[in-house]
>>> print(open('entry-v6.txt').read())   # compact mmCIF, C-alpha atoms
# COMPACT_ATOMS: atom_id res chain seq x y z
CA MET A 915 86.22 119.32 111.69
CA LYS A 916 83.85 116.38 111.22
CA VAL A 917 84.78 113.28 109.23
CA LEU A 918 82.15 111.51 107.13
CA VAL A 919 82.77 108.16 105.41
CA ASP A 920 80.64 106.73 102.64
CA TYR A 921 80.98 103.06 103.51
CA ASP A 922 79.30 102.01 100.26
CA LEU A 923 82.07 103.66 98.29
CA CYS A 924 84.89 102.42 100.55
CA GLU A 925 86.90 99.63 98.96
CA ALA A 926 89.32 99.16 101.88
CA ASN A 927 92.36 100.25 99.91
CA GLY A 928 93.81 101.55 103.15
CA TYR A 929 95.29 104.86 101.99
CA CYS A 930 93.50 106.74 104.77
CA VAL A 931 94.89 104.36 107.39
CA LYS A 932 98.39 105.10 106.17
CA ALA A 933 97.77 108.85 106.16
CA ALA A 934 95.98 109.12 109.51
CA PRO A 935 96.15 105.92 111.60
CA GLU A 936 94.88 107.87 114.62
CA VAL A 937 91.54 108.38 112.88
CA PHE A 938 91.04 105.48 110.47
CA LYS A 939 91.35 101.78 111.15
CA LEU A 940 90.77 98.69 109.03
CA ASP A 941 89.76 95.60 110.96
CA ASP A 942 90.63 92.01 110.16
CA GLU A 943 87.65 91.79 107.84
CA ASP A 944 88.71 94.88 105.89
CA LYS A 945 85.93 96.99 107.34
CA LEU A 946 86.81 100.62 107.90
CA HIS A 947 86.29 102.15 111.34
CA LEU A 948 86.36 105.79 112.23
CA LEU A 949 88.22 106.16 115.52
CA ALA A 950 87.44 109.84 115.90
CA GLU A 951 84.53 111.44 114.10
CA VAL A 952 85.74 114.81 115.35
CA PRO A 953 89.54 114.58 115.32
CA ASP A 954 91.88 116.70 117.38
CA PRO A 955 93.08 119.85 115.58
CA GLU A 956 96.69 118.59 115.38
CA LEU A 957 95.41 115.74 113.16
CA PHE A 958 93.61 117.95 110.65
CA ASP A 959 96.46 117.90 108.11
CA LYS A 960 96.68 114.13 108.26
CA VAL A 961 92.92 113.75 107.91
CA ARG A 962 92.88 116.10 104.93
CA ALA A 963 95.64 113.99 103.34
CA ALA A 964 93.58 110.87 104.02
CA ALA A 965 90.53 112.35 102.31
CA ARG A 966 92.62 113.54 99.38
CA ARG A 967 94.35 110.19 98.85
CA CYS A 968 91.24 108.02 99.04
CA PRO A 969 90.94 106.63 95.50
CA ARG A 970 87.20 106.29 95.92
CA LYS A 971 86.63 109.77 97.36
CA ALA A 972 84.70 108.08 100.14
CA ILE A 973 85.81 110.54 102.82
CA THR A 974 84.28 114.00 103.15
CA LEU A 975 85.21 116.61 105.71
CA GLU A 976 82.96 119.22 107.24
CA GLU A 977 85.41 121.92 108.19
CA MET B 1098 118.54 92.38 91.14
CA SER B 1099 114.98 91.46 91.82
CA ARG B 1100 112.22 93.17 89.88
CA PHE B 1101 109.90 92.90 92.86
CA PRO B 1102 110.12 94.14 96.45
CA PHE B 1103 108.86 90.84 97.86
CA PRO B 1104 110.20 87.30 97.93
CA ARG B 1105 110.26 85.43 94.67
CA TYR B 1106 108.73 82.27 96.12
CA PRO B 1107 105.61 82.89 98.20
CA ASN B 1108 104.24 80.37 100.70
CA GLY B 1109 101.29 78.22 99.65
CA TRP B 1110 100.11 75.39 97.41
CA PHE B 1111 101.41 75.40 93.85
CA GLN B 1112 100.59 73.16 90.93
CA VAL B 1113 103.54 71.21 89.57
CA ALA B 1114 101.70 68.90 87.15
CA TYR B 1115 98.34 67.42 86.20
CA SER B 1116 97.49 64.01 87.63
CA ASP B 1117 97.63 62.37 84.21
CA GLU B 1118 101.27 63.38 83.73
CA VAL B 1119 102.52 60.67 86.07
CA ALA B 1120 101.14 57.13 85.92
CA ILE B 1121 101.77 54.46 88.55
CA GLY B 1122 105.52 53.81 88.63
CA GLY B 1123 106.14 56.99 86.65
CA VAL B 1124 109.03 59.33 87.49
CA LYS B 1125 109.33 62.92 86.34
CA PRO B 1126 111.90 65.67 86.92
CA LEU B 1127 110.54 69.07 87.97
CA LYS B 1128 112.07 72.49 88.41
CA TYR B 1129 110.18 74.92 90.65
CA PHE B 1130 110.99 77.43 93.41
CA GLY B 1131 114.53 77.59 92.02
CA LYS B 1132 115.05 73.93 92.96
CA ASP B 1133 115.41 70.64 91.14
CA LEU B 1134 112.76 68.17 92.26
CA VAL B 1135 111.65 64.66 91.42
CA MET B 1136 108.04 63.53 91.34
CA PHE B 1137 106.98 59.90 91.26
CA ARG B 1138 103.83 57.85 91.72
CA THR B 1139 104.17 54.87 94.02
CA GLU B 1140 102.78 51.43 93.19
CA ALA B 1141 99.95 52.25 95.63
CA GLY B 1142 99.14 55.31 93.52
CA LYS B 1143 100.38 58.09 95.79
CA VAL B 1144 102.37 60.96 94.33
CA GLU B 1145 105.57 61.90 96.14
CA VAL B 1146 107.84 64.89 95.52
CA LEU B 1147 111.42 64.96 96.80
CA ASP B 1148 114.44 67.14 96.23
CA ALA B 1149 116.00 65.78 93.07
CA HIS B 1150 119.57 64.98 93.96
CA CYS B 1151 120.84 61.90 95.70
CA PRO B 1152 122.89 62.87 98.78
CA HIS B 1153 125.40 60.14 97.90
CA LEU B 1154 127.06 61.47 94.73
CA GLY B 1155 124.44 63.84 93.41
CA ALA B 1156 122.57 62.01 90.67
CA HIS B 1157 119.17 63.45 89.69
CA LEU B 1158 116.52 60.87 90.64
CA GLY B 1159 114.20 62.26 87.97
CA TYR B 1160 116.43 60.97 85.18
CA GLY B 1161 116.43 57.20 85.35
CA GLY B 1162 115.16 56.71 88.91
CA LYS B 1163 112.91 53.65 89.35
CA VAL B 1164 109.85 53.25 91.55
CA GLU B 1165 109.75 50.18 93.80
CA GLY B 1166 106.72 49.91 96.07
CA ASP B 1167 106.53 53.29 97.78
CA CYS B 1168 110.24 53.95 97.24
CA ILE B 1169 112.44 55.37 94.50
CA ARG B 1170 115.81 53.92 93.53
CA CYS B 1171 118.64 56.17 92.36
CA PRO B 1172 119.85 55.46 88.81
CA PHE B 1173 123.51 56.00 89.75
CA HIS B 1174 124.36 53.50 92.55
CA SER B 1175 120.91 52.07 93.28
CA TRP B 1176 120.41 53.64 96.70
CA LYS B 1177 116.75 53.34 97.63
CA PHE B 1178 114.73 56.12 99.32
CA ASP B 1179 111.28 55.87 100.84
CA ALA B 1180 108.43 58.40 100.76
CA GLU B 1181 109.87 60.10 103.85
CA GLY B 1182 113.10 60.60 101.97
CA MET B 1183 115.02 58.12 104.16
CA CYS B 1184 117.54 55.86 102.51
CA VAL B 1185 116.32 52.34 103.26
CA GLU B 1186 118.81 50.34 101.20
CA VAL B 1187 122.32 50.62 99.81
CA PRO B 1188 122.59 47.34 97.94
CA TYR B 1189 126.39 47.00 98.20
CA ALA B 1190 126.87 48.33 101.76
CA LYS B 1191 126.32 46.81 105.19
CA LYS B 1192 125.52 50.12 106.86
CA ILE B 1193 123.37 52.98 105.62
CA PRO B 1194 124.97 56.35 106.39
CA ASP B 1195 123.01 58.30 109.01
CA ARG B 1196 122.64 61.38 106.87
CA ALA B 1197 121.29 59.54 103.82
CA LYS B 1198 118.08 61.48 103.65
CA ILE B 1199 116.41 63.58 100.97
CA ARG B 1200 114.07 66.47 101.67
CA THR B 1201 110.41 65.67 100.95
CA TRP B 1202 107.63 68.05 99.97
CA HIS B 1203 103.98 68.04 101.05
CA VAL B 1204 101.86 66.90 98.11
CA ASN B 1205 98.14 67.34 97.56
CA GLU B 1206 96.54 65.65 94.56
CA VAL B 1207 93.11 67.16 94.10
CA ASN B 1208 90.84 68.18 91.21
CA GLY B 1209 93.16 66.47 88.74
CA LEU B 1210 96.10 68.61 89.83
CA ILE B 1211 99.26 67.71 91.65
CA MET B 1212 100.18 70.47 94.06
CA VAL B 1213 103.07 70.93 96.44
CA TRP B 1214 103.32 73.15 99.48
CA HIS B 1215 106.11 75.70 99.42
CA HIS B 1216 107.13 77.53 102.57
CA ALA B 1217 110.24 79.65 102.79
CA LYS B 1218 111.08 78.22 106.23
CA GLY B 1219 109.86 74.70 105.53
CA GLU B 1220 106.78 74.99 107.75
CA PRO B 1221 103.95 72.47 107.12
CA PRO B 1222 100.74 73.45 105.28
CA SER B 1223 98.54 75.86 107.20
CA TRP B 1224 95.54 75.28 104.92
CA GLY B 1225 94.29 72.75 102.40
CA ILE B 1226 92.75 72.62 98.94
CA GLN B 1227 89.28 71.06 98.70
CA LYS B 1228 87.76 69.00 95.93
CA ASN B 1229 85.42 71.12 93.83
CA ILE B 1230 82.02 69.95 92.64
CA GLU B 1231 82.77 70.20 88.93
CA PHE B 1232 85.59 67.66 89.06
CA GLU B 1233 84.74 64.08 88.01
CA ASN B 1234 81.15 65.25 87.66
CA PRO B 1235 79.31 63.73 84.67
CA GLU B 1236 77.49 67.03 84.12
CA TRP B 1237 80.79 68.75 83.39
CA THR B 1238 83.37 68.26 80.63
CA THR B 1239 86.93 67.27 81.47
CA TYR B 1240 89.59 69.99 81.32
CA GLU B 1241 90.63 71.61 78.11
CA LYS B 1242 94.20 72.58 78.98
CA ARG B 1243 96.55 75.37 78.01
CA SER B 1244 99.89 76.42 79.44
CA TRP B 1245 102.30 79.32 79.22
CA ARG B 1246 105.70 80.27 80.62
CA ILE B 1247 105.69 83.95 81.54
CA ARG B 1248 108.35 86.32 82.89
CA THR B 1249 106.47 87.68 85.89
CA HIS B 1250 105.64 87.09 89.56
CA ASN B 1251 102.61 85.32 91.04
CA GLN B 1252 101.48 88.46 92.85
CA GLU B 1253 101.50 90.50 89.66
CA MET B 1254 99.36 87.99 87.76
CA ALA B 1255 96.87 87.56 90.58
CA GLU B 1256 96.44 91.34 90.85
CA ASN B 1257 94.48 91.21 87.59
CA ALA B 1258 91.46 89.81 89.42
CA VAL B 1259 90.94 93.11 91.26
CA ASP B 1260 92.19 95.40 88.50
CA THR B 1261 88.80 96.20 87.04
CA ALA B 1262 89.92 99.04 84.76
CA HIS B 1263 92.28 96.96 82.63
CA PHE B 1264 89.56 94.69 81.33
CA HIS B 1265 88.23 97.36 79.03
CA TYR B 1266 91.55 98.89 77.99
CA VAL B 1267 93.60 95.71 77.61
CA HIS B 1268 90.95 93.19 76.70
CA GLY B 1269 88.31 95.32 75.05
CA THR B 1270 85.49 94.03 77.23
CA VAL B 1271 82.31 95.88 76.46
CA GLU B 1272 82.46 97.93 79.60
CA GLN B 1273 84.33 97.95 82.86
CA PRO B 1274 83.10 95.29 85.20
CA THR B 1275 81.96 96.19 88.67
CA SER B 1276 83.80 94.13 91.26
CA LYS B 1277 83.61 93.39 94.90
CA ALA B 1278 86.49 91.79 96.75
CA GLU B 1279 86.54 90.03 100.10
CA ALA B 1280 89.57 88.60 101.79
CA ASP B 1281 89.07 85.76 104.24
CA LYS B 1282 92.39 84.43 105.52
CA HIS B 1283 94.16 82.83 102.54
CA VAL B 1284 91.12 83.06 100.24
CA LEU B 1285 90.39 86.12 98.15
CA ARG B 1286 86.94 86.19 96.58
CA VAL B 1287 86.21 88.64 93.80
CA VAL B 1288 82.78 88.83 92.21
CA SER B 1289 82.36 90.87 89.04
CA GLN B 1290 79.46 91.64 86.79
CA THR B 1291 80.63 92.06 83.24
CA LYS B 1292 79.30 92.30 79.74
CA MET B 1293 81.05 89.74 77.57
CA ARG B 1294 81.18 88.93 73.90
CA THR B 1295 80.17 85.37 73.14
CA PRO B 1296 79.33 83.49 69.95
CA MET B 1297 75.71 84.17 70.88
CA GLY B 1298 76.14 87.90 71.22
CA LYS B 1299 76.77 90.19 74.17
CA THR B 1300 75.72 88.89 77.52
CA THR B 1301 75.92 90.00 81.11
CA GLY B 1302 77.85 87.46 83.04
CA THR B 1303 78.88 86.99 86.62
CA VAL B 1304 82.47 86.06 87.26
CA GLU B 1305 83.42 84.71 90.66
CA SER B 1306 87.08 84.14 91.27
CA LEU B 1307 88.46 82.42 94.34
CA SER B 1308 92.19 82.67 94.86
CA TYR B 1309 93.66 80.25 97.35
CA GLY B 1310 96.94 82.01 97.93
CA PHE B 1311 98.96 82.80 94.84
CA GLY B 1312 99.25 79.36 93.31
CA TYR B 1313 95.72 78.19 92.71
CA SER B 1314 92.49 79.80 91.70
CA LEU B 1315 89.02 78.84 90.54
CA THR B 1316 87.06 81.19 88.32
CA ARG B 1317 83.42 80.45 87.66
CA PHE B 1318 81.61 82.20 84.83
CA THR B 1319 77.84 82.14 84.73
CA GLY B 1320 75.80 83.68 81.98
CA ILE B 1321 74.59 81.78 78.94
CA VAL B 1322 76.63 78.79 80.01
CA GLU B 1323 78.43 77.82 83.18
CA THR B 1324 82.15 77.44 82.90
CA LEU B 1325 85.04 76.85 85.26
CA LEU B 1326 88.64 77.88 84.91
CA VAL B 1327 91.11 76.10 87.18
CA ALA B 1328 94.36 78.04 87.16
CA GLY B 1329 97.76 77.14 88.55
CA VAL B 1330 100.64 79.58 88.63
CA THR B 1331 103.96 78.28 89.91
CA PRO B 1332 107.29 80.11 90.16
CA ILE B 1333 110.10 78.34 88.36
CA ASP B 1334 113.13 80.53 89.02
CA ASP B 1335 114.01 84.19 89.54
CA GLU B 1336 112.35 85.18 86.28
CA TYR B 1337 109.59 82.86 85.14
CA VAL B 1338 106.34 81.26 86.25
CA ASP B 1339 104.48 78.32 84.73
CA VAL B 1340 100.82 79.05 84.09
CA ARG B 1341 98.36 76.20 83.60
CA PHE B 1342 94.71 76.74 82.72
CA GLY B 1343 92.22 73.88 82.83
CA PHE B 1344 88.85 74.78 81.45
CA ALA B 1345 85.56 72.89 81.97
CA VAL B 1346 82.03 73.55 80.75
CA ARG B 1347 78.73 72.39 82.23
CA LYS B 1348 77.37 70.16 79.48
CA LEU B 1349 74.46 71.39 77.40
CA MET B 1350 71.77 69.06 76.01
CA ASN B 1351 73.54 69.17 72.69
CA GLY B 1352 77.09 67.79 72.79
CA ASP B 1353 78.23 69.76 69.73
CA ALA B 1354 77.00 72.98 71.29
CA THR B 1355 78.94 72.18 74.46
CA SER B 1356 82.19 71.80 72.56
CA THR B 1357 81.53 74.90 70.44
CA VAL B 1358 80.89 77.01 73.52
CA GLY B 1359 83.85 75.49 75.32
CA ALA B 1360 86.21 76.14 72.41
CA ALA B 1361 84.98 79.73 72.02
CA PHE B 1362 85.38 80.44 75.71
CA MET B 1363 88.87 78.97 75.82
CA ALA B 1364 89.81 81.01 72.74
CA GLU B 1365 88.59 84.15 74.52
CA ILE B 1366 90.60 83.34 77.64
CA GLU B 1367 93.68 82.67 75.50
CA ARG B 1368 93.16 85.93 73.65
CA GLN B 1369 92.94 87.85 76.92
CA LEU B 1370 96.00 86.19 78.45
CA GLY B 1371 97.94 86.91 75.25
CA GLN B 1372 97.13 90.58 75.77
CA ASP B 1373 98.23 90.50 79.42
CA ILE B 1374 101.60 88.83 78.78
CA PRO B 1375 103.51 91.80 77.26
CA ILE B 1376 102.23 94.01 80.09
CA TRP B 1377 103.31 91.58 82.80
CA GLU B 1378 106.68 90.80 81.24
CA ASN B 1379 107.73 94.44 80.97
CA LYS B 1380 106.03 96.27 83.82
CA ILE B 1381 107.56 97.36 87.10
CA TYR B 1382 105.92 97.09 90.49
CA VAL B 1383 104.81 100.47 91.80
CA THR B 1384 104.40 100.82 95.55
CA PRO B 1385 102.39 102.51 96.81
CA PRO B 1386 100.39 102.53 93.59
CA LEU B 1387 98.82 105.72 92.32
CA ILE B 1388 95.23 104.56 92.08
CA CYS B 1389 92.00 106.38 91.41
CA ASP B 1390 88.31 105.61 91.66
CA GLY B 1391 87.35 102.92 89.19
CA ASP B 1392 90.62 101.05 89.69
CA GLY B 1393 89.25 98.32 91.94
CA PRO B 1394 90.37 97.25 95.41
CA ILE B 1395 94.08 97.02 94.67
CA GLY B 1396 95.02 98.23 98.15
CA LEU B 1397 92.90 95.54 99.77
CA TYR B 1398 94.47 92.93 97.47
CA ARG B 1399 98.01 93.97 98.33
CA ARG B 1400 97.30 93.75 102.05
CA TRP B 1401 95.96 90.23 101.51
CA CYS B 1402 99.17 89.35 99.66
CA LYS B 1403 101.46 90.02 102.60
CA GLN B 1404 100.43 86.87 104.48
CA PHE B 1405 102.12 84.66 101.88
CA TYR B 1406 105.60 85.98 102.44
CA THR B 1407 108.18 85.15 105.03
CA MET B 1408 110.26 88.28 105.32
CA GLU B 1409 113.84 87.64 106.36
CA ASN B 1410 114.15 91.04 107.90
CA GLN B 1411 110.86 92.62 108.88
CA ALA B 1412 112.50 96.03 109.17
CA LEU B 1413 113.35 96.10 105.47
CA PRO B 1414 110.42 94.40 103.76
CA MET B 1415 109.48 97.06 101.25
CA ALA B 1416 112.86 98.43 100.16
CA PRO B 1417 112.38 98.10 96.41
CA THR B 1418 116.00 97.54 95.50
CA GLN B 1419 116.63 94.85 98.10
CA PRO B 1420 116.09 91.37 96.76
CA GLN B 1421 114.66 89.21 99.50
CA PRO B 1422 116.88 86.22 100.05
CA GLU B 1423 115.02 82.95 99.95
CA ALA B 1424 115.39 81.17 103.26
CA ALA B 1425 117.36 77.97 103.31
CA THR B 1426 114.81 75.20 103.36
CA ALA B 1427 116.96 72.13 103.81
>>> encode(input="entry-v6.txt", output="structure tokens")
Amino acid sequence: MKVLVDYDLCEANGYCVKAAPEVFKLDDEDKLHLLAEVPDPELFDKVRAAARRCPRKAITLEE
Amino acid sequence: MSRFPFPRYPNGWFQVAYSDEVAIGGVKPLKYFGKDLVMFRTEAGKVEVLDAHCPHLGAHLGYGGKVEGDCIRCPFHSWKFDAEGMCVEVPYAKKIPDRAKIRTWHVNEVNGLIMVWHHAKGEPPSWGIQKNIEFENPEWTTYEKRSWRIRTHNQEMAENAVDTAHFHYVHGTVEQPTSKAEADKHVLRVVSQTKMRTPMGKTTGTVESLSYGFGYSLTRFTGIVETLLVAGVTPIDDEYVDVRFGFAVRKLMNGDATSTVGAAFMAEIERQLGQDIPIWENKIYVTPPLICDGDGPIGLYRRWCKQFYTMENQALPMAPTQPQPEAATA
């Protein structure tokens, strides 16, 4: 799985961070950082939840 | 039971009056943050805010208290308290009791507003409020003022700035504005492009709102004319907040046109607030909110909000049915 973020769409609502903190991080300036572009398989469910919950649909997954 | 899963009284600067409400030597009772307070202006012109009740036998200094120099004298037995809240004279006693002291509040008089600093644990201000360029500027009108008392919470009202979708559905703005929000410490800046109805037809305007915590915000509208809305929202008790809007317009060449535009803009703001009030007074707080694209950066806003609360028990901050006790601030 590969995680792609459209940073222009991202509004820093933070839903992905809640769903998968191992993969997504918001810094002090509300900028989103991808901690693992290719996450470990045990995180796939969390990452899928993150993509699903993003209100802006800014996260796409290449499975 | 609290309607909201966060403390009723956030930390920050909150407007308690306009400067012109208290002249030199003037004394005024206030009720904010669930407390009785007294505000007075010393003979040197400085505004002081103290807890209201005399520690002697409990009279309210705001009803009959008299200013003397930089002190206030209790109407009941004439005990005199200075700006630090210390009793400096009991006219009929030889010795002043050691504990004759009243709690004082940090006051900031700026932009024609009198603001006090509230902190749940009594900590001193961690930021200030600056003078803005429109105030006492001959190119700008003085404030046109309006006020409301609304059954809501500061955080709920301030959330409107980032709630882009409601503008169309609640206020009938021509289309949904596009907004961008940035949080920088205690300041939240939201810039929106919006189509607005004005007496001169539809126009695309830019709206920049700067929220300095929950109590104070500046909103600048630029389009056909430049306008400024200075807003103060201050919690009174467990239910209500006081909302004060001061509205200024950059003067046009024609004075009549300035007042026409100003009146129309104020009427539009009043119309919009009137539409928000029944929503605010009857809504619940949903956490986490079920938001979709087009809703605006509500998640970002709510993260910014957390810095203004002192949670008594950090393990239980978001339990929705647990009212957060206000810390003792004596």
>>> interface_residues(input="entry-v6.txt", of="chain B", to="chain A", cutoff="6 Å", atoms="only C-alpha atoms", output="ChimeraX atom specification")
/B:1388-1390,1394,1396-1397
>>> residues_near_point(input="entry-v6.txt", point="(105.6, 85.7, 89.3)", cutoff="6 Å", atoms="all atoms listed in the file", output="PyMOL selection string")
chain B and resi 1249-1251+1332+1338
>>> closest_residue(input="entry-v6.txt", among="A:Val919, A:Ala933, A:Leu948, A:Leu940", to="Arg962 of chain A", atoms="all atoms listed in the file")
A:Ala933
>>> closest_residue(input="entry-v6.txt", among="A:Asp941, A:Glu976, A:His947, A:Val917", to="Val961 of chain A", atoms="only C-alpha atoms")
A:Val917
>>> closest_residue(input="entry-v6.txt", among="B:Ile1121, B:Ile1366, B:Met1212, B:Leu1325", to="Thr1270 of chain B", atoms="only C-alpha atoms")
B:Ile1366
>>> atom_distance(input="entry-v6.txt", atom1="atom CA of Ala1120 of chain B", atom2="atom CA of Val1146 of chain B")
14.0 Å
>>> closest_residue(input="entry-v6.txt", among="B:Glu1241, B:Asp1353, B:Gln1372, B:Val1322", to="Gly1269 of chain B", atoms="all atoms listed in the file")
B:Gln1372
>>> closest_residue(input="entry-v6.txt", among="B:Asn1205, B:Thr1275, B:Thr1384, B:Thr1357", to="Gly1225 of chain B", atoms="only C-alpha atoms")
B:Asn1205
>>> closest_residue(input="entry-v6.txt", among="B:Gly1312, B:Pro1194, B:Gly1109, B:Pro1152", to="Glu1253 of chain B", atoms="all atoms listed in the file")
B:Gly1312
>>> residues_near_point(input="entry-v6.txt", point="(99.8, 84.5, 85.1)", cutoff="7 Å", atoms="only C-alpha atoms", output="PyMOL selection string")
chain B and resi 1247+1251+1254-1255+1330+1340
>>> residues_around(input="entry-v6.txt", residues="Ala965 of chain A", least_positions_apart="6", cutoff="7 Å", atoms="all atoms listed in the file", output="list in words")
Cys930, Lys971, Ile973 and Thr974 of chain A
>>> atom_distance(input="entry-v6.txt", atom1="atom CA of Tyr1129 of chain B", atom2="atom CA of Asp1334 of chain B")
6.5 Å
>>> atom_distance(input="entry-v6.txt", atom1="atom CA of Gly1391 of chain B", atom2="atom CA of Phe1264 of chain B")
11.6 Å
>>> decode(input="entry-v6.txt", residues="segment 1148-1166 of chain B", atoms="N, CA, C and O atoms", output="PDB file, in the first residue's frame")
ATOM      1  N   ASP B1148     -12.834  42.034  42.617  1.00  0.00           N
ATOM      2  CA  ASP B1148     -14.001  41.293  43.085  1.00  0.00           C
ATOM      3  C   ASP B1148     -14.905  42.286  43.812  1.00  0.00           C
ATOM      4  O   ASP B1148     -14.425  43.241  44.420  1.00  0.00           O
ATOM      5  N   ALA B1149     -16.221  42.031  43.762  1.00  0.00           N
ATOM      6  CA  ALA B1149     -17.157  43.072  44.161  1.00  0.00           C
ATOM      7  C   ALA B1149     -17.301  43.256  45.659  1.00  0.00           C
ATOM      8  O   ALA B1149     -17.575  44.356  46.121  1.00  0.00           O
ATOM      9  N   HIS B1150     -17.143  42.172  46.416  1.00  0.00           N
ATOM     10  CA  HIS B1150     -17.617  42.235  47.796  1.00  0.00           C
ATOM     11  C   HIS B1150     -16.522  42.561  48.798  1.00  0.00           C
ATOM     12  O   HIS B1150     -15.427  41.999  48.762  1.00  0.00           O
ATOM     13  N   CYS B1151     -16.844  43.458  49.678  1.00  0.00           N
ATOM     14  CA  CYS B1151     -15.922  43.856  50.736  1.00  0.00           C
ATOM     15  C   CYS B1151     -15.725  42.677  51.688  1.00  0.00           C
ATOM     16  O   CYS B1151     -16.694  42.044  52.119  1.00  0.00           O
ATOM     17  N   PRO B1152     -14.449  42.367  52.016  1.00  0.00           N
ATOM     18  CA  PRO B1152     -14.196  41.211  52.891  1.00  0.00           C
ATOM     19  C   PRO B1152     -14.644  41.463  54.342  1.00  0.00           C
ATOM     20  O   PRO B1152     -14.676  40.534  55.145  1.00  0.00           O
ATOM     21  N   HIS B1153     -14.991  42.686  54.649  1.00  0.00           N
ATOM     22  CA  HIS B1153     -15.399  43.049  56.002  1.00  0.00           C
ATOM     23  C   HIS B1153     -16.767  42.444  56.312  1.00  0.00           C
ATOM     24  O   HIS B1153     -16.867  41.432  56.994  1.00  0.00           O
ATOM     25  N   LEU B1154     -17.830  43.012  55.720  1.00  0.00           N
ATOM     26  CA  LEU B1154     -19.175  42.464  55.956  1.00  0.00           C
ATOM     27  C   LEU B1154     -19.948  42.264  54.663  1.00  0.00           C
ATOM     28  O   LEU B1154     -21.172  42.149  54.676  1.00  0.00           O
ATOM     29  N   GLY B1155     -19.210  42.273  53.542  1.00  0.00           N
ATOM     30  CA  GLY B1155     -19.809  41.768  52.308  1.00  0.00           C
ATOM     31  C   GLY B1155     -20.549  42.742  51.418  1.00  0.00           C
ATOM     32  O   GLY B1155     -21.230  42.308  50.479  1.00  0.00           O
ATOM     33  N   ALA B1156     -20.426  44.041  51.671  1.00  0.00           N
ATOM     34  CA  ALA B1156     -21.127  44.974  50.777  1.00  0.00           C
ATOM     35  C   ALA B1156     -20.536  44.895  49.362  1.00  0.00           C
ATOM     36  O   ALA B1156     -19.360  44.576  49.175  1.00  0.00           O
ATOM     37  N   HIS B1157     -21.370  45.206  48.368  1.00  0.00           N
ATOM     38  CA  HIS B1157     -20.940  45.235  46.969  1.00  0.00           C
ATOM     39  C   HIS B1157     -20.408  46.637  46.669  1.00  0.00           C
ATOM     40  O   HIS B1157     -21.157  47.618  46.735  1.00  0.00           O
ATOM     41  N   LEU B1158     -19.123  46.720  46.344  1.00  0.00           N
ATOM     42  CA  LEU B1158     -18.499  48.034  46.123  1.00  0.00           C
ATOM     43  C   LEU B1158     -19.063  48.747  44.896  1.00  0.00           C
ATOM     44  O   LEU B1158     -18.896  49.958  44.753  1.00  0.00           O
ATOM     45  N   GLY B1159     -19.710  47.983  44.015  1.00  0.00           N
ATOM     46  CA  GLY B1159     -20.248  48.576  42.795  1.00  0.00           C
ATOM     47  C   GLY B1159     -21.550  49.341  43.018  1.00  0.00           C
ATOM     48  O   GLY B1159     -22.022  50.020  42.114  1.00  0.00           O
ATOM     49  N   TYR B1160     -22.117  49.216  44.202  1.00  0.00           N
ATOM     50  CA  TYR B1160     -23.355  49.932  44.505  1.00  0.00           C
ATOM     51  C   TYR B1160     -23.085  50.922  45.633  1.00  0.00           C
ATOM     52  O   TYR B1160     -23.218  50.608  46.806  1.00  0.00           O
ATOM     53  N   GLY B1161     -22.643  52.105  45.236  1.00  0.00           N
ATOM     54  CA  GLY B1161     -22.406  53.151  46.233  1.00  0.00           C
ATOM     55  C   GLY B1161     -20.948  53.351  46.609  1.00  0.00           C
ATOM     56  O   GLY B1161     -20.630  54.261  47.379  1.00  0.00           O
ATOM     57  N   GLY B1162     -20.041  52.524  46.094  1.00  0.00           N
ATOM     58  CA  GLY B1162     -18.613  52.731  46.348  1.00  0.00           C
ATOM     59  C   GLY B1162     -18.164  54.057  45.750  1.00  0.00           C
ATOM     60  O   GLY B1162     -18.727  54.525  44.760  1.00  0.00           O
ATOM     61  N   LYS B1163     -17.152  54.683  46.383  1.00  0.00           N
ATOM     62  CA  LYS B1163     -16.679  56.002  45.921  1.00  0.00           C
ATOM     63  C   LYS B1163     -15.185  55.937  45.603  1.00  0.00           C
ATOM     64  O   LYS B1163     -14.407  55.369  46.365  1.00  0.00           O
ATOM     65  N   VAL B1164     -14.824  56.556  44.481  1.00  0.00           N
ATOM     66  CA  VAL B1164     -13.412  56.607  44.095  1.00  0.00           C
ATOM     67  C   VAL B1164     -12.719  57.753  44.827  1.00  0.00           C
ATOM     68  O   VAL B1164     -13.252  58.873  44.898  1.00  0.00           O
ATOM     69  N   GLU B1165     -11.560  57.464  45.381  1.00  0.00           N
ATOM     70  CA  GLU B1165     -10.714  58.505  45.998  1.00  0.00           C
ATOM     71  C   GLU B1165      -9.290  58.270  45.523  1.00  0.00           C
ATOM     72  O   GLU B1165      -8.682  57.247  45.885  1.00  0.00           O
ATOM     73  N   GLY B1166      -8.766  59.157  44.715  1.00  0.00           N
ATOM     74  CA  GLY B1166      -7.420  58.959  44.165  1.00  0.00           C
ATOM     75  C   GLY B1166      -7.405  57.695  43.326  1.00  0.00           C
ATOM     76  O   GLY B1166      -8.177  57.571  42.377  1.00  0.00           O
TER      77      GLY B1166
END
